[in-house]
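The next block holds one structure in the form of structure tokens; read it before the comments.
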Amino acid sequence: MKGVVILDYIIRNKNSLYIKLNKNGAPVTCSESQKGLFEYSKANNICNSLPRTMKKMNFQVEAI
């Protein structure tokens, strides 16, 4: 794929908490060293479907 750039995205908030998926596919908070890397569409879907307690933490999708 010549000339195609694929970016990885993370989900983080302003307090340096990150989101990763556990072995069951559920989102959990973690530190920077354990953060999950996602495609944009997957990161956006995860961010939009967080549980209410995590939505209050204002997570956002960011490109790396």
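Note on naming: chains are A, B, ... as they come in the structure tokens, residues start from 1 per chain, ligands start from 1 in the order shown.
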Distance query A:Lys42 at most 12 Å, only C-alpha atoms, self and fewer than 2 positions along chain excluded, as a PyMOL selection string: chain A and resi 8-11+20-21+25+27+36-40+44-49+61
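Those residues of chain A that DSSP, working from the backbone, places in strand (DSSP E or B) are Tyr9, Ile10, Ile11, Arg12, Tyr18, Ile19, Lys20, Leu21, Pro27, Val28, Thr29, Cys30, Phe38, Gln60, Val61, Glu62 and Ala63 of chain A.
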Can you write out the residues you just picked, keeping all heavy atoms, as a compact mmCIF listing (two decimals), in the first residue's frame?
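Resulting contents of result.txt:
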```txt
# COMPACT_ATOMS: atom_id res chain seq x y z
N TYR A 9 -4.78 5.19 17.20
CA TYR A 9 -5.47 6.12 18.08
C TYR A 9 -5.52 5.55 19.48
O TYR A 9 -5.52 4.34 19.68
CB TYR A 9 -6.90 6.38 17.58
CG TYR A 9 -6.93 7.13 16.28
CD1 TYR A 9 -6.79 6.47 15.07
CD2 TYR A 9 -7.07 8.51 16.27
CE1 TYR A 9 -6.81 7.16 13.87
CE2 TYR A 9 -7.09 9.21 15.07
CZ TYR A 9 -6.96 8.54 13.89
OH TYR A 9 -6.96 9.23 12.70
N ILE A 10 -5.55 6.45 20.46
CA ILE A 10 -5.70 6.08 21.86
C ILE A 10 -6.92 6.79 22.41
O ILE A 10 -7.41 7.75 21.82
CB ILE A 10 -4.45 6.44 22.69
CG1 ILE A 10 -4.16 7.94 22.59
CG2 ILE A 10 -3.26 5.61 22.28
CD1 ILE A 10 -3.08 8.43 23.52
N ILE A 11 -7.39 6.32 23.54
CA ILE A 11 -8.49 6.97 24.25
C ILE A 11 -7.92 7.41 25.59
O ILE A 11 -7.44 6.58 26.37
CB ILE A 11 -9.68 6.01 24.46
CG1 ILE A 11 -10.13 5.43 23.13
CG2 ILE A 11 -10.82 6.72 25.16
CD1 ILE A 11 -11.12 4.30 23.26
N ARG A 12 -7.94 8.73 25.85
CA ARG A 12 -7.37 9.25 27.10
C ARG A 12 -8.18 10.43 27.58
O ARG A 12 -8.93 11.03 26.83
CB ARG A 12 -5.91 9.62 26.92
CG ARG A 12 -5.65 10.98 26.32
CD ARG A 12 -4.17 11.24 26.12
NE ARG A 12 -3.48 11.65 27.31
CZ ARG A 12 -3.22 12.93 27.61
NH1 ARG A 12 -3.57 13.90 26.81
NH2 ARG A 12 -2.57 13.22 28.72
N TYR A 18 -5.88 6.22 30.62
CA TYR A 18 -6.06 5.66 29.29
C TYR A 18 -7.04 4.51 29.34
O TYR A 18 -7.34 3.98 30.41
CB TYR A 18 -4.72 5.17 28.73
CG TYR A 18 -3.74 6.29 28.52
CD1 TYR A 18 -2.95 6.77 29.55
CD2 TYR A 18 -3.61 6.88 27.27
CE1 TYR A 18 -2.06 7.80 29.36
CE2 TYR A 18 -2.71 7.91 27.06
CZ TYR A 18 -1.95 8.37 28.10
OH TYR A 18 -1.08 9.42 27.91
N ILE A 19 -7.54 4.10 28.19
CA ILE A 19 -8.47 2.97 28.08
C ILE A 19 -7.79 1.84 27.32
O ILE A 19 -7.12 2.07 26.31
CB ILE A 19 -9.75 3.38 27.32
CG1 ILE A 19 -10.52 4.45 28.07
CG2 ILE A 19 -10.62 2.17 27.03
CD1 ILE A 19 -11.28 3.95 29.26
N LYS A 20 -7.95 0.65 27.82
CA LYS A 20 -7.57 -0.57 27.09
C LYS A 20 -8.73 -1.53 27.21
O LYS A 20 -9.66 -1.31 27.99
CB LYS A 20 -6.29 -1.18 27.66
CG LYS A 20 -6.45 -1.79 29.04
CD LYS A 20 -5.20 -2.49 29.48
CE LYS A 20 -5.43 -3.16 30.84
NZ LYS A 20 -4.26 -3.91 31.27
N LEU A 21 -8.71 -2.59 26.43
CA LEU A 21 -9.74 -3.62 26.52
C LEU A 21 -9.19 -4.82 27.27
O LEU A 21 -8.07 -5.26 27.00
CB LEU A 21 -10.20 -4.04 25.12
CG LEU A 21 -10.84 -2.95 24.27
CD1 LEU A 21 -11.20 -3.51 22.90
CD2 LEU A 21 -12.06 -2.36 24.95
N PRO A 27 -13.98 -2.26 28.30
CA PRO A 27 -13.02 -1.19 28.50
C PRO A 27 -12.67 -1.02 29.98
O PRO A 27 -13.54 -1.09 30.84
CB PRO A 27 -13.75 0.05 27.97
CG PRO A 27 -15.19 -0.28 28.05
CD PRO A 27 -15.30 -1.76 27.91
N VAL A 28 -11.38 -0.85 30.26
CA VAL A 28 -10.90 -0.59 31.61
C VAL A 28 -9.88 0.54 31.55
O VAL A 28 -9.21 0.73 30.55
CB VAL A 28 -10.26 -1.85 32.25
CG1 VAL A 28 -11.28 -2.92 32.50
CG2 VAL A 28 -9.13 -2.39 31.40
N THR A 29 -9.77 1.29 32.65
CA THR A 29 -8.78 2.36 32.71
C THR A 29 -7.41 1.76 33.03
O THR A 29 -7.30 0.72 33.69
CB THR A 29 -9.14 3.41 33.78
OG1 THR A 29 -9.26 2.76 35.04
CG2 THR A 29 -10.43 4.12 33.42
N CYS A 30 -6.37 2.44 32.56
CA CYS A 30 -5.02 1.96 32.79
C CYS A 30 -4.04 3.12 32.71
O CYS A 30 -4.41 4.24 32.39
CB CYS A 30 -4.65 0.86 31.79
SG CYS A 30 -4.65 1.43 30.09
N PHE A 38 -5.79 1.57 18.83
CA PHE A 38 -6.96 1.18 18.05
C PHE A 38 -6.98 1.92 16.73
O PHE A 38 -6.36 2.96 16.57
CB PHE A 38 -8.26 1.54 18.81
CG PHE A 38 -8.30 1.05 20.22
CD1 PHE A 38 -8.06 1.91 21.28
CD2 PHE A 38 -8.58 -0.27 20.51
CE1 PHE A 38 -8.11 1.48 22.59
CE2 PHE A 38 -8.63 -0.72 21.82
CZ PHE A 38 -8.40 0.16 22.86
N GLN A 60 -11.45 11.04 25.47
CA GLN A 60 -11.48 11.51 24.08
C GLN A 60 -10.53 10.65 23.25
O GLN A 60 -9.54 10.13 23.74
CB GLN A 60 -11.04 12.96 23.98
CG GLN A 60 -11.93 13.91 24.73
CD GLN A 60 -11.41 15.32 24.70
OE1 GLN A 60 -10.25 15.56 24.43
NE2 GLN A 60 -12.28 16.27 25.00
N VAL A 61 -10.85 10.54 21.97
CA VAL A 61 -10.00 9.81 21.02
C VAL A 61 -8.92 10.75 20.52
O VAL A 61 -9.22 11.89 20.12
CB VAL A 61 -10.84 9.28 19.84
CG1 VAL A 61 -9.96 8.60 18.82
CG2 VAL A 61 -11.91 8.33 20.33
N GLU A 62 -7.65 10.31 20.54
CA GLU A 62 -6.54 11.12 20.08
C GLU A 62 -5.65 10.29 19.16
O GLU A 62 -5.41 9.11 19.41
CB GLU A 62 -5.69 11.61 21.25
CG GLU A 62 -6.38 12.60 22.15
CD GLU A 62 -5.48 13.11 23.24
OE1 GLU A 62 -4.27 12.80 23.24
OE2 GLU A 62 -5.99 13.83 24.12
N ALA A 63 -5.14 10.93 18.13
CA ALA A 63 -4.19 10.28 17.22
C ALA A 63 -2.82 10.27 17.86
O ALA A 63 -2.45 11.18 18.59
CB ALA A 63 -4.16 11.00 15.89
```
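Nearest residue to A:Lys35 among A:Lys14, A:Lys56, A:Ile6, A:Asn22 is A:Asn22, counting only C-alpha atoms.
Of note, atom CA of A:Gln34 and atom CA of A:Arg52 are spaced 22.3 Å apart.
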Helix (DSSP H, G or I) call set, DSSP backbone run, chain A, as a ChimeraX atom specification: /A:32-34,40-48,52-55
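Computed from the coordinates, the atom CA of A:Val4 to atom CA of A:Glu32 distance equals 27.3 Å.
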Distance of atom CA of A:Ser33 from atom CA of A:Val5, expressed in Å to one decimal place: 24.1 Å
